>>> print(open('start-v9.txt').read())   # compact mmCIF, C-alpha atoms and all ligand atoms
# COMPACT_ATOMS: atom_id res chain seq x y z
CA MET C 287 9.30 -11.20 -13.11
CA ALA C 288 12.52 -10.67 -11.21
CA ARG C 289 12.54 -10.18 -7.45
CA ASP C 290 14.94 -8.46 -5.15
CA SER C 291 15.55 -9.81 -1.67
CA GLN C 292 14.61 -6.39 -0.33
CA PHE C 293 10.86 -6.04 -0.16
CA THR C 294 9.54 -2.56 -0.84
CA ILE C 295 6.07 -1.47 -1.83
CA HIS C 296 5.57 2.15 -2.79
CA ASP C 297 2.46 3.33 -1.04
CA SER C 298 2.63 7.05 -1.47
CA TRP C 299 2.91 9.43 -4.35
CA SER C 300 6.52 10.16 -5.22
CA GLY C 301 5.94 11.34 -8.75
CA ARG C 302 7.60 8.38 -10.50
CA PRO C 303 5.34 7.22 -13.34
CA GLY C 304 4.39 3.56 -12.92
CA ARG C 305 6.00 3.27 -9.46
CA SER C 306 3.67 5.24 -7.23
CA CYS C 307 0.05 5.20 -6.17
CA PRO C 308 -1.72 8.58 -6.35
CA LEU C 309 -3.58 9.47 -3.17
CA SER C 310 -6.87 9.16 -5.06
CA TYR C 311 -6.18 5.43 -5.36
CA ARG C 312 -6.38 4.92 -1.63
CA TYR C 313 -9.22 3.91 0.67
CA ALA C 314 -9.45 2.72 4.26
CA PRO C 315 -9.86 -1.02 4.91
CA VAL C 316 -12.63 -0.17 7.38
CA SER C 317 -14.62 1.31 4.48
CA LEU C 318 -15.11 -2.29 3.31
CA ALA C 319 -16.92 -3.18 6.55
CA ARG C 320 -20.18 -2.05 4.97
CA GLU C 321 -23.36 -3.81 3.99
CA PRO C 322 -22.98 -5.96 0.86
CA GLU C 323 -23.94 -4.39 -2.44
CA LEU C 324 -24.26 -7.74 -4.15
CA ILE C 325 -25.68 -11.08 -3.00
CA ALA C 326 -25.14 -14.26 -4.96
CA ASP C 327 -25.01 -18.03 -4.61
CA THR C 328 -22.11 -18.18 -7.03
CA LEU C 329 -19.73 -15.32 -7.73
CA TYR C 330 -17.13 -15.09 -10.47
CA VAL C 331 -14.35 -12.58 -10.01
CA VAL C 332 -12.54 -11.73 -13.23
CA GLY C 333 -9.47 -9.55 -12.82
CA GLY C 334 -6.89 -8.66 -15.41
CA LEU C 335 -8.67 -9.44 -18.67
CA TYR C 336 -6.13 -7.10 -20.33
CA GLY C 337 -8.20 -6.59 -23.45
CA ASN C 338 -8.15 -10.27 -24.44
CA ARG C 339 -11.30 -10.68 -26.54
CA PRO C 340 -11.26 -14.50 -26.81
CA ALA C 341 -10.90 -14.65 -23.01
CA LEU C 342 -13.88 -12.33 -22.63
CA ALA C 343 -15.96 -14.64 -24.82
CA SER C 344 -14.90 -17.63 -22.72
CA VAL C 345 -15.71 -16.06 -19.36
CA LEU C 346 -19.16 -15.03 -20.52
CA ALA C 347 -19.87 -18.57 -21.70
CA LEU C 348 -18.55 -20.05 -18.46
CA ALA C 349 -20.75 -17.91 -16.22
CA ALA C 350 -23.80 -18.50 -18.39
CA ALA C 351 -23.44 -22.24 -17.82
CA ASP C 352 -23.88 -21.84 -14.04
CA THR C 353 -27.42 -22.16 -12.77
CA GLY C 354 -28.97 -20.31 -9.85
CA ARG C 355 -28.20 -16.85 -8.55
CA THR C 356 -24.90 -16.16 -10.29
CA ALA C 357 -23.01 -12.89 -10.44
CA MET C 358 -19.88 -11.84 -12.23
CA VAL C 359 -17.61 -8.97 -11.24
CA PHE C 360 -14.83 -7.67 -13.46
CA ASN C 361 -12.46 -6.32 -10.83
CA GLY C 362 -10.42 -4.08 -13.02
CA ASP C 363 -7.74 -3.93 -15.72
CA PHE C 364 -10.04 -5.28 -18.41
CA ASN C 365 -8.17 -2.98 -20.80
CA TRP C 366 -4.51 -3.21 -21.79
CA PHE C 367 -3.58 -4.77 -25.12
CA ASN C 368 -6.75 -3.57 -26.90
CA VAL C 369 -5.29 -0.43 -28.44
CA ASP C 370 -7.15 -0.92 -31.72
CA PRO C 371 -10.34 1.20 -31.70
CA GLU C 372 -12.58 -1.76 -32.50
CA GLY C 373 -11.13 -3.82 -29.66
CA PHE C 374 -11.30 -0.94 -27.23
CA ASP C 375 -14.93 -0.28 -28.05
CA TYR C 376 -15.93 -3.95 -27.93
CA VAL C 377 -14.19 -4.82 -24.66
CA ASN C 378 -15.51 -1.81 -22.79
CA ARG C 379 -19.06 -2.00 -24.09
CA THR C 380 -19.23 -5.70 -23.23
CA VAL C 381 -17.68 -5.50 -19.78
CA LEU C 382 -19.76 -2.48 -18.83
CA GLU C 383 -22.91 -4.57 -19.31
CA HIS C 384 -21.80 -6.37 -16.13
CA VAL C 385 -20.72 -5.37 -12.65
CA ALA C 386 -17.28 -3.84 -12.94
CA LEU C 387 -14.69 -2.09 -10.81
CA ARG C 388 -12.05 0.34 -11.92
CA GLY C 389 -8.53 -0.99 -12.08
CA ASN C 390 -5.58 1.35 -12.27
CA VAL C 391 -5.73 1.05 -16.08
CA GLU C 392 -9.36 2.21 -16.28
CA THR C 393 -8.68 4.95 -13.73
CA GLU C 394 -5.81 6.28 -15.81
CA LEU C 395 -7.88 6.03 -19.00
CA ALA C 396 -10.70 8.03 -17.43
CA GLY C 397 -8.46 10.85 -16.24
CA ASP C 398 -6.44 13.43 -18.11
CA ASN C 399 -3.41 13.45 -15.82
CA ALA C 400 -0.65 11.17 -17.12
CA GLU C 401 1.72 11.71 -14.18
CA ALA C 402 1.05 8.29 -12.68
CA GLY C 403 2.03 6.54 -15.93
CA CYS C 404 0.28 3.18 -16.01
CA GLY C 405 -0.75 3.63 -12.35
CA CYS C 406 0.54 0.16 -11.55
CA GLY C 407 2.43 1.16 -8.39
CA TYR C 408 5.17 -1.33 -9.32
CA PRO C 409 7.40 -2.45 -6.43
CA ASP C 410 11.19 -2.62 -6.60
CA TRP C 411 11.30 -6.23 -7.79
CA VAL C 412 9.91 -5.09 -11.16
CA SER C 413 12.67 -3.66 -13.34
CA ASP C 414 12.77 -0.07 -14.56
CA ALA C 415 12.74 -1.35 -18.14
CA GLU C 416 9.50 -3.23 -17.52
CA VAL C 417 7.91 -0.23 -15.80
CA GLY C 418 8.93 1.99 -18.73
CA ARG C 419 7.31 -0.38 -21.20
CA SER C 420 4.10 -0.46 -19.12
CA ASN C 421 3.99 3.32 -19.26
CA ALA C 422 4.45 3.13 -23.05
CA VAL C 423 1.55 0.65 -23.37
CA MET C 424 -0.58 2.99 -21.28
CA GLU C 425 0.23 5.91 -23.55
CA ARG C 426 -0.95 4.04 -26.65
CA LEU C 427 -4.11 3.00 -24.84
CA ARG C 428 -4.74 6.61 -23.79
CA ASP C 429 -4.42 7.70 -27.40
CA THR C 430 -7.07 5.17 -28.42
CA ALA C 431 -9.38 6.05 -25.54
CA ARG C 432 -9.46 9.74 -26.46
CA ALA C 433 -11.81 8.86 -29.33
CA PHE C 434 -14.30 7.37 -26.84
CA PRO C 435 -15.25 10.13 -24.37
CA GLY C 436 -18.50 8.40 -23.43
CA LEU C 437 -16.74 5.19 -22.47
CA ARG C 438 -14.04 7.10 -20.57
CA GLU C 439 -16.71 8.84 -18.55
CA ARG C 440 -18.37 5.52 -17.70
CA LEU C 441 -15.01 4.04 -16.65
CA GLY C 442 -14.42 6.99 -14.34
CA LEU C 443 -17.73 6.36 -12.59
CA LEU C 444 -16.94 2.75 -11.70
CA PRO C 445 -16.35 2.00 -8.01
CA LEU C 446 -12.93 1.14 -6.56
CA ASN C 447 -14.20 -1.88 -4.64
CA LEU C 448 -17.32 -3.86 -3.88
CA VAL C 449 -18.66 -5.92 -0.99
CA ALA C 450 -20.58 -9.10 -1.76
CA ARG C 451 -22.21 -11.85 0.25
CA VAL C 452 -22.02 -15.43 -0.97
CA GLY C 453 -23.95 -17.74 1.32
CA SER C 454 -22.97 -16.42 4.74
CA ALA C 455 -19.48 -15.31 3.66
CA ARG C 456 -18.62 -11.64 3.31
CA VAL C 457 -16.44 -11.07 0.26
CA ALA C 458 -14.47 -7.86 -0.20
CA ILE C 459 -13.65 -7.46 -3.88
CA VAL C 460 -10.78 -5.12 -4.69
CA HIS C 461 -8.42 -4.59 -7.59
CA GLY C 462 -5.16 -4.21 -5.63
CA ASP C 463 -5.23 -4.67 -1.89
CA ALA C 464 -7.23 -3.53 1.14
CA GLU C 465 -5.76 -0.02 1.06
CA SER C 466 -5.13 0.87 -2.53
CA LEU C 467 -6.42 0.35 -6.03
CA ALA C 468 -2.86 -0.45 -7.09
CA GLY C 469 -1.58 -1.97 -3.84
CA TRP C 470 0.73 -4.98 -4.01
CA GLY C 471 -0.05 -6.23 -0.48
CA PHE C 472 -1.96 -9.20 -1.93
CA SER C 473 0.76 -10.20 -4.39
CA GLN C 474 2.30 -13.64 -4.14
CA GLU C 475 5.66 -11.97 -3.57
CA ALA C 476 4.45 -9.82 -0.67
CA LEU C 477 2.67 -12.79 0.93
CA GLU C 478 5.98 -14.61 1.32
CA ASN C 479 6.74 -12.10 4.07
CA PRO C 480 5.35 -12.95 7.56
CA ASP C 481 4.94 -9.26 8.32
CA GLN C 482 2.67 -8.92 5.30
CA ILE C 483 0.66 -11.98 6.39
CA ALA C 484 0.10 -10.27 9.76
CA LYS C 485 -0.91 -7.05 8.01
CA ALA C 486 -3.32 -8.90 5.73
CA SER C 487 -4.92 -10.58 8.76
CA HIS C 488 -5.45 -7.16 10.29
CA TRP C 489 -7.06 -5.96 7.06
CA PHE C 490 -9.56 -8.83 7.30
CA GLU C 491 -10.54 -7.68 10.78
CA GLU C 492 -10.92 -4.05 9.76
CA ALA C 493 -12.99 -4.94 6.70
CA ARG C 494 -15.01 -7.61 8.56
CA ALA C 495 -14.23 -9.80 5.56
CA ASP C 496 -14.22 -13.58 5.35
CA ILE C 497 -12.74 -13.50 1.87
CA PHE C 498 -10.72 -10.95 -0.07
CA ALA C 499 -10.75 -11.35 -3.85
CA SER C 500 -8.12 -9.33 -5.67
CA SER C 501 -6.10 -9.18 -8.87
CA HIS C 502 -3.63 -6.53 -10.24
CA THR C 503 -0.33 -8.27 -9.50
CA CYS C 504 -0.45 -10.64 -12.49
CA LEU C 505 0.28 -13.92 -10.65
CA PRO C 506 -2.34 -15.94 -8.74
CA VAL C 507 -2.15 -16.79 -5.07
CA ALA C 508 -4.64 -18.44 -2.71
CA CYS C 509 -3.83 -17.92 0.92
CA GLU C 510 -5.71 -19.38 3.88
CA LEU C 511 -5.17 -17.35 7.03
CA PRO C 512 -6.01 -18.13 10.66
CA GLY C 513 -9.72 -18.06 11.41
CA GLY C 514 -10.70 -19.56 8.07
CA ARG C 515 -10.10 -16.32 6.23
CA VAL C 516 -9.14 -16.65 2.62
CA LEU C 517 -7.33 -14.31 0.31
CA VAL C 518 -7.62 -15.21 -3.35
CA ASN C 519 -5.86 -13.35 -6.13
CA ASN C 520 -6.73 -14.61 -9.61
CA GLY C 521 -3.63 -13.20 -11.27
CA ALA C 522 -4.69 -12.60 -14.85
CA ALA C 523 -7.83 -13.73 -16.65
CA GLY C 524 -6.47 -12.62 -20.01
CA MET C 525 -2.90 -13.93 -19.92
CA PRO C 526 -1.26 -17.23 -19.00
CA ASN C 527 -0.25 -17.41 -15.35
CA PHE C 528 1.49 -20.73 -14.93
CA ARG C 529 4.41 -22.59 -16.41
CA ALA C 530 3.83 -23.98 -19.91
CA THR C 531 0.18 -22.95 -20.06
CA GLN C 532 -1.86 -20.72 -22.34
CA HIS C 533 -4.95 -20.14 -20.21
CA GLY C 534 -6.03 -17.40 -17.85
CA VAL C 535 -7.27 -17.84 -14.27
CA ILE C 536 -10.45 -16.56 -12.67
CA THR C 537 -11.93 -16.95 -9.19
CA ARG C 538 -15.21 -18.72 -8.45
CA ILE C 539 -16.81 -18.51 -4.99
CA SER C 540 -19.89 -20.61 -4.51
CA ALA C 541 -22.25 -21.52 -1.69
CA THR C 542 -24.00 -24.12 -3.83
CA ARG C 543 -21.47 -26.86 -2.98
CA VAL C 544 -21.55 -27.79 -6.67
CA PRO C 545 -17.97 -27.65 -7.87
CA ALA C 546 -16.92 -26.08 -11.13
CA ALA C 547 -16.35 -28.43 -14.04
CA SER C 548 -12.61 -28.00 -13.56
CA SER C 549 -10.46 -26.11 -11.12
CA LEU C 550 -6.78 -25.69 -10.43
CA TYR C 551 -7.16 -25.64 -6.64
CA THR C 552 -9.93 -25.24 -4.10
CA ILE C 553 -10.33 -23.96 -0.58
CA GLU C 554 -13.45 -24.69 1.45
CA ALA C 555 -14.11 -22.18 4.21
CA ASN C 556 -17.00 -20.24 5.72
CA GLY C 557 -19.49 -22.55 4.01
CA VAL C 558 -18.33 -21.74 0.49
CA ARG C 559 -16.03 -23.22 -2.12
CA ILE C 560 -13.33 -20.89 -3.37
CA GLU C 561 -11.87 -22.13 -6.63
CA ALA C 562 -9.24 -20.99 -9.06
CA LEU C 563 -10.58 -21.88 -12.50
CA PRO C 564 -8.55 -22.18 -15.66
CA LEU C 565 -9.97 -19.82 -18.28
CA HIS C 566 -9.34 -21.50 -21.61
CA TYR C 567 -9.65 -19.29 -24.65
CA ASP C 568 -8.73 -19.31 -28.32
CA ALA C 569 -5.01 -18.74 -27.80
CA THR C 570 -4.26 -18.70 -31.54
CA ARG C 571 -6.74 -15.90 -32.13
CA PHE C 572 -5.47 -13.95 -29.14
CA GLU C 573 -1.89 -14.23 -30.36
CA ARG C 574 -2.92 -13.03 -33.83
CA GLU C 575 -4.84 -10.05 -32.41
CA PHE C 576 -1.97 -9.24 -30.07
CA LEU C 577 0.57 -9.25 -32.92
CA ASP C 578 -1.66 -7.03 -35.05
CA SER C 579 -1.32 -4.29 -32.41
CA TRP C 580 2.00 -5.21 -30.82
CA PRO C 581 4.54 -6.47 -33.39
CA PRO C 582 8.07 -7.56 -32.45
CA GLY C 583 10.02 -4.67 -30.98
CA SER C 584 6.97 -2.97 -29.49
CA ALA C 585 6.69 -2.36 -25.75
CA ALA C 586 4.03 -4.99 -25.11
CA HIS C 587 5.74 -7.56 -27.31
CA LEU C 588 8.97 -7.20 -25.35
CA SER C 589 7.19 -7.52 -22.02
CA TYR C 590 4.46 -10.06 -22.69
CA TYR C 591 4.87 -12.11 -25.88
CA ALA C 592 6.89 -14.89 -24.26
CA ARG C 593 4.35 -15.16 -21.47
CA ILE C 594 1.41 -15.16 -23.88
CA THR C 595 2.88 -17.98 -25.94
CA ARG C 596 4.70 -20.08 -23.32
CA GLY C 597 3.40 -19.13 -19.88
CA THR C 598 5.47 -18.07 -16.87
CA ASP C 599 8.02 -19.70 -14.58
CA TYR C 600 5.41 -19.93 -11.83
CA GLY C 601 3.89 -23.28 -10.81
CA VAL C 602 0.41 -24.01 -9.49
CA GLY C 603 1.93 -25.39 -6.30
CA GLN C 604 3.56 -22.03 -5.61
CA ALA C 605 0.18 -20.29 -5.64
CA ILE C 606 -1.27 -22.39 -2.84
CA ARG C 607 -0.49 -21.26 0.68
CA ARG C 608 -1.87 -22.09 4.09
CA HIS C 609 -0.95 -20.23 7.22
CA ALA C 610 -2.47 -21.99 10.22
CA GLY C 611 -1.98 -21.16 13.87
CA PRO C 612 -1.05 -17.83 15.38
CA ILE C 613 0.67 -15.28 13.22
CA GLY C 614 4.35 -15.37 14.03
CA SER C 615 4.54 -19.16 14.06
CA ILE C 616 3.46 -19.66 10.51
CA ARG C 617 3.56 -23.10 9.01
CA GLN C 618 2.49 -24.07 5.58
CA LYS C 619 0.90 -27.18 4.21
CA PRO C 620 -0.59 -27.69 0.80
CA LEU C 621 -4.26 -27.17 0.10
CA ARG C 622 -6.09 -29.36 -2.33
CA GLN C 623 -4.44 -29.08 -5.71
CA GLU C 624 -6.53 -30.54 -8.47
CA ASN C 625 -4.50 -30.07 -11.58
CA PRO C 626 -0.78 -29.87 -10.82
CA THR C 627 1.28 -27.97 -13.35
FE FE F 1 -3.78 -3.32 -12.05
>>> encode(input="start-v9.txt", output="structure tokens")
Amino acid sequence: MARDSQFTIHDSWSGRPGRSCPLSYRYAPVSLAREPELIADTLYVVGGLYGNRPALASVLALAAADTGRTAMVFNGDFNWFNVDPEGFDYVNRTVLEHVALRGNVETELAGDNAEAGCGCGYPDWVSDAEVGRSNAVMERLRDTARAFPGLRERLGLLPLNLVARVGSARVAIVHGDAESLAGWGFSQEALENPDQIAKASHWFEEARADIFASSHTCLPVACELPGGRVLVNNGAAGMPNFRATQHGVITRISATRVPAASSLYTIEANGVRIEALPLHYDATRFEREFLDSWPPGSAAHLSYYARITRGTDYGVGQAIRRHAGPIGSIRQKPLRQENPT
């Protein structure tokens, strides 16, 4: 994903499909300062499944292996590549058996207004060509979804965010950022900017959150902020995230002190372990299912096939950030990295 040196996030509706966030996507950070709706000893946050059926099978098996009071939240965009009716039906029926939030994809599937395109709210560092292809993927997915009015209605009823408590830590679970379903304020690109770090710290105060768990922006980042606050973005559960890999990433937050069987990196704060877990799935099957729907030359093939088969240019070390001390004199040092890539 190419970046410009100029950093611009579109946060208001300007009528450009795929670039803007409709007003209905927005919420106030202070709205997250509410009583938790979910209490767990171990919480899995699964964002960006993108219709990957083998990845869905893997995440269900992973969570089932955890003992104790375990919860799993699909925080949006569990649909994307699953434009075949069977895949659409299976993914949605399965995910909707669990706690789920609407991502921009589900929100656009539930509604009849196509003006927002894919609803991704893409910033300027994403090319027009890529945004156009995302809108094209969304159109095919809309066509499929029209045959499933019952599922569309259920998607439209899903919440935009959720507040959980794990141990004594308050966890605000969102799809985008603290202000918008499709916000990019928790993207690894935005978090390179000290002004955005300061803004994120303010969001923690407004939401009374110890941890924010997000997704949407397709690349993982784990960011420790002053005061022991932690922002963790899992990137994508259903696509490779890192260089030369073919696994997804999910977030595990646990008060049990029992670590996951394997993790990419870990932060310990507020009495909980916050881990980025590799989500291994049957990559051969996923590639076959992807090609069945998205052959060479199709929009999704052009945008995602290389990533699905070879990973990204992003390294695990780039995802790990620590900002200690007062905002404005930020310094970084590496957190514990358990499986360098
Ligand atoms: Fe999204």
>>> residues_near_point(input="start-v9.txt", point="(10.4, -0.3, -20.5)", cutoff="12 Å", atoms="only C-alpha atoms", output="tab-separated table (two decimals) with C-alpha atoms, in the frame of the given file")
chain	number	residue	atom	x	y	z
C	303	PRO	CA	5.34	7.22	-13.34
C	304	GLY	CA	4.39	3.56	-12.92
C	403	GLY	CA	2.03	6.54	-15.93
C	404	CYS	CA	0.28	3.18	-16.01
C	412	VAL	CA	9.91	-5.09	-11.16
C	413	SER	CA	12.67	-3.66	-13.34
C	414	ASP	CA	12.77	-0.07	-14.56
C	415	ALA	CA	12.74	-1.35	-18.14
C	416	GLU	CA	9.50	-3.23	-17.52
C	417	VAL	CA	7.91	-0.23	-15.80
C	418	GLY	CA	8.93	1.99	-18.73
C	419	ARG	CA	7.31	-0.38	-21.20
C	420	SER	CA	4.10	-0.46	-19.12
C	421	ASN	CA	3.99	3.32	-19.26
C	422	ALA	CA	4.45	3.13	-23.05
C	423	VAL	CA	1.55	0.65	-23.37
C	424	MET	CA	-0.58	2.99	-21.28
C	583	GLY	CA	10.02	-4.67	-30.98
C	584	SER	CA	6.97	-2.97	-29.49
C	585	ALA	CA	6.69	-2.36	-25.75
C	586	ALA	CA	4.03	-4.99	-25.11
C	587	HIS	CA	5.74	-7.56	-27.31
C	588	LEU	CA	8.97	-7.20	-25.35
C	589	SER	CA	7.19	-7.52	-22.02
C	590	TYR	CA	4.46	-10.06	-22.69
>>> residues_near_ligand(input="start-v9.txt", ligand="ligand FE 1 (chain F)", cutoff="9 Å", atoms="all atoms listed in the file", output="list in words")
Gly333, Gly334, Gly362, Asp363, Gly389, Asn390, Val391, Glu392, Cys404, Gly405, Cys406, Gly407, His461, Gly462, Leu467, Ala468, Gly469, Ser501, His502, Thr503 and Cys504 of chain C
>>> atom_distance(input="start-v9.txt", atom1="atom CA of Ser473 of chain C", atom2="atom CA of Ala522 of chain C")
12.0 Å
>>> closest_residue(input="start-v9.txt", among="C:Phe367, C:Phe472, C:Phe490, C:Tyr551", to="Glu573 of chain C", atoms="all atoms listed in the file")
C:Phe367
>>> atom_distance(input="start-v9.txt", atom1="atom CA of Pro340 of chain C", atom2="atom CA of Glu383 of chain C")
17.0 Å
>>> atom_distance(input="start-v9.txt", atom1="atom CA of Leu348 of chain C", atom2="atom CA of Phe364 of chain C")
17.0 Å
>>> closest_residue(input="start-v9.txt", among="C:Tyr600, C:Tyr567, C:Phe434, C:Tyr591", to="Leu346 of chain C", atoms="all atoms listed in the file")
C:Tyr567
>>> residues_around(input="start-v9.txt", residues="segment 318-321 of chain C", least_positions_apart="5", cutoff="7 Å", atoms="only C-alpha atoms", output="PyMOL selection string")
chain C and resi 449+458+492-494
>>> closest_residue(input="start-v9.txt", among="C:Phe360, C:Trp580, C:Phe374, C:Phe572", to="Leu444 of chain C", atoms="only C-alpha atoms")
C:Phe360
>>> closest_residue(input="start-v9.txt", among="C:Thr430, C:Thr598, C:Asn338, C:Thr380", to="Asn527 of chain C", atoms="all atoms listed in the file")
C:Thr598
>>> build_atoms(input="start-v9.txt", residues="segment 437-454 of chain C", atoms="N, CA and C atoms", output="PDB file, in the frame of the given file")
ATOM      1  N   LEU C 437     -17.236   6.350 -23.199  1.00  0.00           N
ATOM      2  CA  LEU C 437     -16.740   5.190 -22.470  1.00  0.00           C
ATOM      3  C   LEU C 437     -15.789   5.625 -21.347  1.00  0.00           C
ATOM      4  N   ARG C 438     -14.962   6.614 -21.626  1.00  0.00           N
ATOM      5  CA  ARG C 438     -14.040   7.100 -20.570  1.00  0.00           C
ATOM      6  C   ARG C 438     -14.831   7.622 -19.370  1.00  0.00           C
ATOM      7  N   GLU C 439     -15.912   8.311 -19.650  1.00  0.00           N
ATOM      8  CA  GLU C 439     -16.710   8.840 -18.550  1.00  0.00           C
ATOM      9  C   GLU C 439     -17.311   7.698 -17.727  1.00  0.00           C
ATOM     10  N   ARG C 440     -17.788   6.662 -18.417  1.00  0.00           N
ATOM     11  CA  ARG C 440     -18.370   5.520 -17.700  1.00  0.00           C
ATOM     12  C   ARG C 440     -17.299   4.793 -16.877  1.00  0.00           C
ATOM     13  N   LEU C 441     -16.096   4.690 -17.409  1.00  0.00           N
ATOM     14  CA  LEU C 441     -15.010   4.040 -16.650  1.00  0.00           C
ATOM     15  C   LEU C 441     -14.704   4.828 -15.383  1.00  0.00           C
ATOM     16  N   GLY C 442     -14.736   6.149 -15.505  1.00  0.00           N
ATOM     17  CA  GLY C 442     -14.420   6.990 -14.340  1.00  0.00           C
ATOM     18  C   GLY C 442     -15.462   6.909 -13.246  1.00  0.00           C
ATOM     19  N   LEU C 443     -16.655   6.455 -13.585  1.00  0.00           N
ATOM     20  CA  LEU C 443     -17.730   6.360 -12.590  1.00  0.00           C
ATOM     21  C   LEU C 443     -17.759   4.998 -11.887  1.00  0.00           C
ATOM     22  N   LEU C 444     -16.939   4.078 -12.332  1.00  0.00           N
ATOM     23  CA  LEU C 444     -16.940   2.750 -11.700  1.00  0.00           C
ATOM     24  C   LEU C 444     -16.380   2.835 -10.287  1.00  0.00           C
ATOM     25  N   PRO C 445     -16.869   1.983  -9.393  1.00  0.00           N
ATOM     26  CA  PRO C 445     -16.350   2.000  -8.010  1.00  0.00           C
ATOM     27  C   PRO C 445     -14.953   1.401  -7.925  1.00  0.00           C
ATOM     28  N   LEU C 446     -14.276   1.671  -6.815  1.00  0.00           N
ATOM     29  CA  LEU C 446     -12.930   1.140  -6.560  1.00  0.00           C
ATOM     30  C   LEU C 446     -12.988  -0.260  -5.962  1.00  0.00           C
ATOM     31  N   ASN C 447     -14.088  -0.575  -5.310  1.00  0.00           N
ATOM     32  CA  ASN C 447     -14.200  -1.880  -4.640  1.00  0.00           C
ATOM     33  C   ASN C 447     -15.676  -2.207  -4.465  1.00  0.00           C
ATOM     34  N   LEU C 448     -15.934  -3.414  -4.020  1.00  0.00           N
ATOM     35  CA  LEU C 448     -17.320  -3.860  -3.880  1.00  0.00           C
ATOM     36  C   LEU C 448     -17.379  -4.915  -2.775  1.00  0.00           C
ATOM     37  N   VAL C 449     -18.469  -4.909  -2.034  1.00  0.00           N
ATOM     38  CA  VAL C 449     -18.660  -5.920  -0.990  1.00  0.00           C
ATOM     39  C   VAL C 449     -19.813  -6.829  -1.410  1.00  0.00           C
ATOM     40  N   ALA C 450     -19.561  -8.120  -1.371  1.00  0.00           N
ATOM     41  CA  ALA C 450     -20.580  -9.100  -1.760  1.00  0.00           C
ATOM     42  C   ALA C 450     -20.813 -10.075  -0.616  1.00  0.00           C
ATOM     43  N   ARG C 451     -21.956 -10.730  -0.665  1.00  0.00           N
ATOM     44  CA  ARG C 451     -22.210 -11.850   0.250  1.00  0.00           C
ATOM     45  C   ARG C 451     -22.522 -13.075  -0.575  1.00  0.00           C
ATOM     46  N   VAL C 452     -21.783 -14.142  -0.315  1.00  0.00           N
ATOM     47  CA  VAL C 452     -22.020 -15.430  -0.970  1.00  0.00           C
ATOM     48  C   VAL C 452     -22.318 -16.425   0.138  1.00  0.00           C
ATOM     49  N   GLY C 453     -23.549 -16.945   0.172  1.00  0.00           N
ATOM     50  CA  GLY C 453     -23.950 -17.740   1.320  1.00  0.00           C
ATOM     51  C   GLY C 453     -23.875 -16.838   2.543  1.00  0.00           C
ATOM     52  N   SER C 454     -23.135 -17.281   3.567  1.00  0.00           N
ATOM     53  CA  SER C 454     -22.970 -16.420   4.740  1.00  0.00           C
ATOM     54  C   SER C 454     -21.611 -15.728   4.759  1.00  0.00           C
TER      55      SER C 454
END
